[in-house]
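Undergrad: One structure, as structure tokens, below. Some questions next.
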Amino acid sequence: MSAPRDPEQPADEPPRDPAQATDEVCDAHLSPPGVAAALDPLAGRALAAFRFDTRRALLRSVALSLPLMSVGVALLGVGLRHLQLREPARQFAGRATFQLAEGASGHVLPWEQALMVGGVLLVVLSNLVLVRALRRNLAIERFILLRADGLVRQVDTHFTLVPWDDVEQVCYAPERRAIVLQMRAGGEFSLVDDYAGITHEGLAKLMRDVHRRAIWGMFSR
């Protein structure tokens, strides 16, 4: 069965394949490959992806917030305990039949008040430190992507694409704890972040392997 003829096609031309015509229409609306890769970090063929490791940053924040909270709770406890020991009748103040004991002042001493207020402020501060750390490390998308055409590093909505053809050599600098991409045109591109599931040495080895395969054209086969 022959393919249906396009009404706008000249009569002397053979009928077009519908799939071919659809591909031509789609290609007419697509950007060139280089432009698409520059606009979308996921446009190329992805080989491996690694997220930024937030564990150390979160542990540092927890290590800072927990002592602040502990000191705040201790100050608050000391102030309340001393107030209770100085005026034991205060613990019954919530009862309907309570009457202030004779000789009791009913006032909080300034240093007791300072301890309790300081304790509450430290507890609030410790929670703010922890919430800020969680928001800073978890709300921002940070990852690297090894593509067939290059390396993509994304931080939030901003990303950098380094084509493998522009890279001369990939090496690891242990004194800087950085993966260094030496560029053919001069200069370098460094990665100093920690990534989950892989060490700096392992990531550098993987990037060298991907770079070698890319420049030999092994991913286009």
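Quick note on naming: the chains in the structure tokens go A, B, ... in the order shown, residues restart at 1 in each chain, and ligands are numbered from 1 in order of appearance.
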Just the residues within 9 Å of range 145-152 of chain A, please, counting only C-alpha atoms, with nothing from its chain fewer than 5 positions along; format it as an NGL selection string.

TA: :A and (37 or 41-42 or 44-51 or 159-166 or 207 or 210-211 or 213-214 or 219-220)

Undergrad: Those selected residues, please, written with C-alpha atoms and delivered as a short mmCIF file (atom, residue, chain, number, x, y, z; two decimals), in the first residue's frame.

TA:
```
data_model
loop_
_atom_site.label_atom_id
_atom_site.label_comp_id
_atom_site.auth_asym_id
_atom_site.auth_seq_id
_atom_site.Cartn_x
_atom_site.Cartn_y
_atom_site.Cartn_z
CA ALA A 37 23.45 21.92 25.04
CA PRO A 41 22.42 21.02 31.25
CA LEU A 42 20.62 17.73 30.60
CA GLY A 44 23.62 15.84 26.20
CA ARG A 45 24.09 12.14 26.80
CA ALA A 46 24.55 11.68 30.55
CA LEU A 47 27.15 9.16 31.70
CA ALA A 48 27.32 9.80 35.46
CA ALA A 49 25.97 12.28 38.00
CA PHE A 50 27.04 13.17 41.53
CA ARG A 51 25.32 15.35 44.11
CA PHE A 159 25.43 25.83 35.41
CA THR A 160 28.78 25.68 33.67
CA LEU A 161 29.51 23.45 30.68
CA VAL A 162 33.15 22.53 30.00
CA PRO A 163 33.46 20.66 26.66
CA TRP A 164 35.92 17.76 26.68
CA ASP A 165 37.45 19.07 23.46
CA ASP A 166 38.60 22.16 25.36
CA MET A 207 36.75 12.01 34.64
CA VAL A 210 35.50 9.86 30.25
CA HIS A 211 37.75 12.59 28.82
CA ARG A 213 36.99 8.24 25.54
CA ALA A 214 35.38 11.53 24.46
CA PHE A 219 30.81 7.94 22.59
CA SER A 220 29.67 8.80 19.07
#
```

Undergrad: Tell me which protein, DNA and RNA residues are within 7 Å of range 183-194 of chain A, counting only C-alpha atoms, leaving out same-chain ones fewer than 3 positions away, and put them as a VMD selection string.

TA: chain A and resid 52 to 53 166 to 168 177 to 180

Undergrad: Under the rule that only C-alpha atoms are counted, which of A:Met218, A:Leu138, A:Val123, A:Leu109 is the nearest residue to Leu75 in chain A?

TA: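 Among the listed residues, the smallest separation from Leu75 in chain A belongs to A:Val123.
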
Undergrad: What is the distance, in Å and to one decimal place, between CA of Ser65 in chain A and CA of His82 in chain A?

TA: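 CA of Ser65 in chain A sits 25.9 Å away from CA of His82 in chain A.
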
Undergrad: Return the single residue from A:Gln169, A:Thr157, A:Gln113, A:Thr54 that is closest to Arg136 in chain A, with distances computed using only C-alpha atoms.

TA: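 Among the listed residues, the smallest separation from Arg136 in chain A belongs to A:Thr54.
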
Undergrad: Measuring atom to atom with only C-alpha atoms, identify which of A:Leu125, A:Leu83, A:His158, A:Leu206 is nearest to Glu141 in chain A.

TA: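 Of the candidates, the smallest distance to Glu141 in chain A is held by A:His158.
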
Undergrad: Which residue, A:Ala114, A:Leu64, A:Phe143, A:Trp216, has the smallest gap to Leu76 in chain A when you use only C-alpha atoms?

TA: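 Counting only C-alpha atoms, the residue closest to Leu76 in chain A is A:Ala114.
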
Undergrad: Mind the document's chain letters and residue numbers, and return as a PyMOL selection string the residues of range 106-187 of chain A that DSSP labels alpha helix (DSSP H).

TA: chain A and resi 110-138

Undergrad: List as JSON, numbers by chain the protein and nucleic acid residues near Gly77 in chain A, meaning an atom at most 9 Å away when only C-alpha atoms are counted, but skip any in the same chain fewer than 6 places from it.

TA: {"A": [115, 116, 119]}

Undergrad: If we count only C-alpha atoms, what is near Ile140 in chain A at a cut-off of 8 Å, once residues fewer than 3 positions away on the same chain are taken out, given as a CSV table (one decimal) with C-alpha atoms, in the first residue's frame?

TA:
```csv
chain,number,residue,atom,x,y,z
A,135,ARG,CA,18.0,25.6,54.1
A,136,ARG,CA,21.4,26.6,52.8
A,137,ASN,CA,22.5,23.0,52.1
A,155,VAL,CA,24.6,25.4,41.4
A,156,ASP,CA,21.0,26.3,41.9
```

Undergrad: Taking only C-alpha atoms into account, name the residue in A:Ser61, A:Gly217, A:Arg56, A:Ala196 that is nearest to Arg132 in chain A.

TA: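 Nearest to Arg132 in chain A: A:Ser61.
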
Undergrad: Would you pick out the contacts of Glu201 in chain A at 9 Å or less, using only C-alpha atoms, so that residues sharing its chain but fewer than 2 positions from it are not included, and give the list as a list of chain:residue names?

TA: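 The residues that qualify are A:Tyr172, A:Pro174, A:Ile179, A:Ile198, A:Thr199, A:Leu203, A:Ala204, A:Lys205, A:Leu206.
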
Undergrad: Keeping only C-alpha atoms, take the residues you just selected and write them out as a PDB file, in the first residue's frame.

TA:
```pdb
ATOM      1  CA  TYR A 172      43.998  15.632  41.018  1.00  0.00           C
ATOM      2  CA  PRO A 174      46.039  16.522  46.729  1.00  0.00           C
ATOM      3  CA  ILE A 179      40.159  18.128  40.694  1.00  0.00           C
ATOM      4  CA  ILE A 198      32.778   9.051  45.536  1.00  0.00           C
ATOM      5  CA  THR A 199      36.147  10.386  46.642  1.00  0.00           C
ATOM      6  CA  LEU A 203      36.095  11.156  40.627  1.00  0.00           C
ATOM      7  CA  ALA A 204      39.326  12.379  39.023  1.00  0.00           C
ATOM      8  CA  LYS A 205      40.028   8.876  37.691  1.00  0.00           C
ATOM      9  CA  LEU A 206      36.510   8.598  36.291  1.00  0.00           C
TER      10      LEU A 206
END
```

Undergrad: To one decimal in Å, tell me the separation between CA of Tyr195 in chain A and CA of Ile144 in chain A.

TA: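 Calculated distance between CA of Tyr195 in chain A and CA of Ile144 in chain A is 8.6 Å.
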
Undergrad: Among range 62-166 of chain A, which ones does DSSP place in strand (DSSP E or B), written as an MDAnalysis selection string?

TA: chainID A and resid 142:147 150:155 158:163
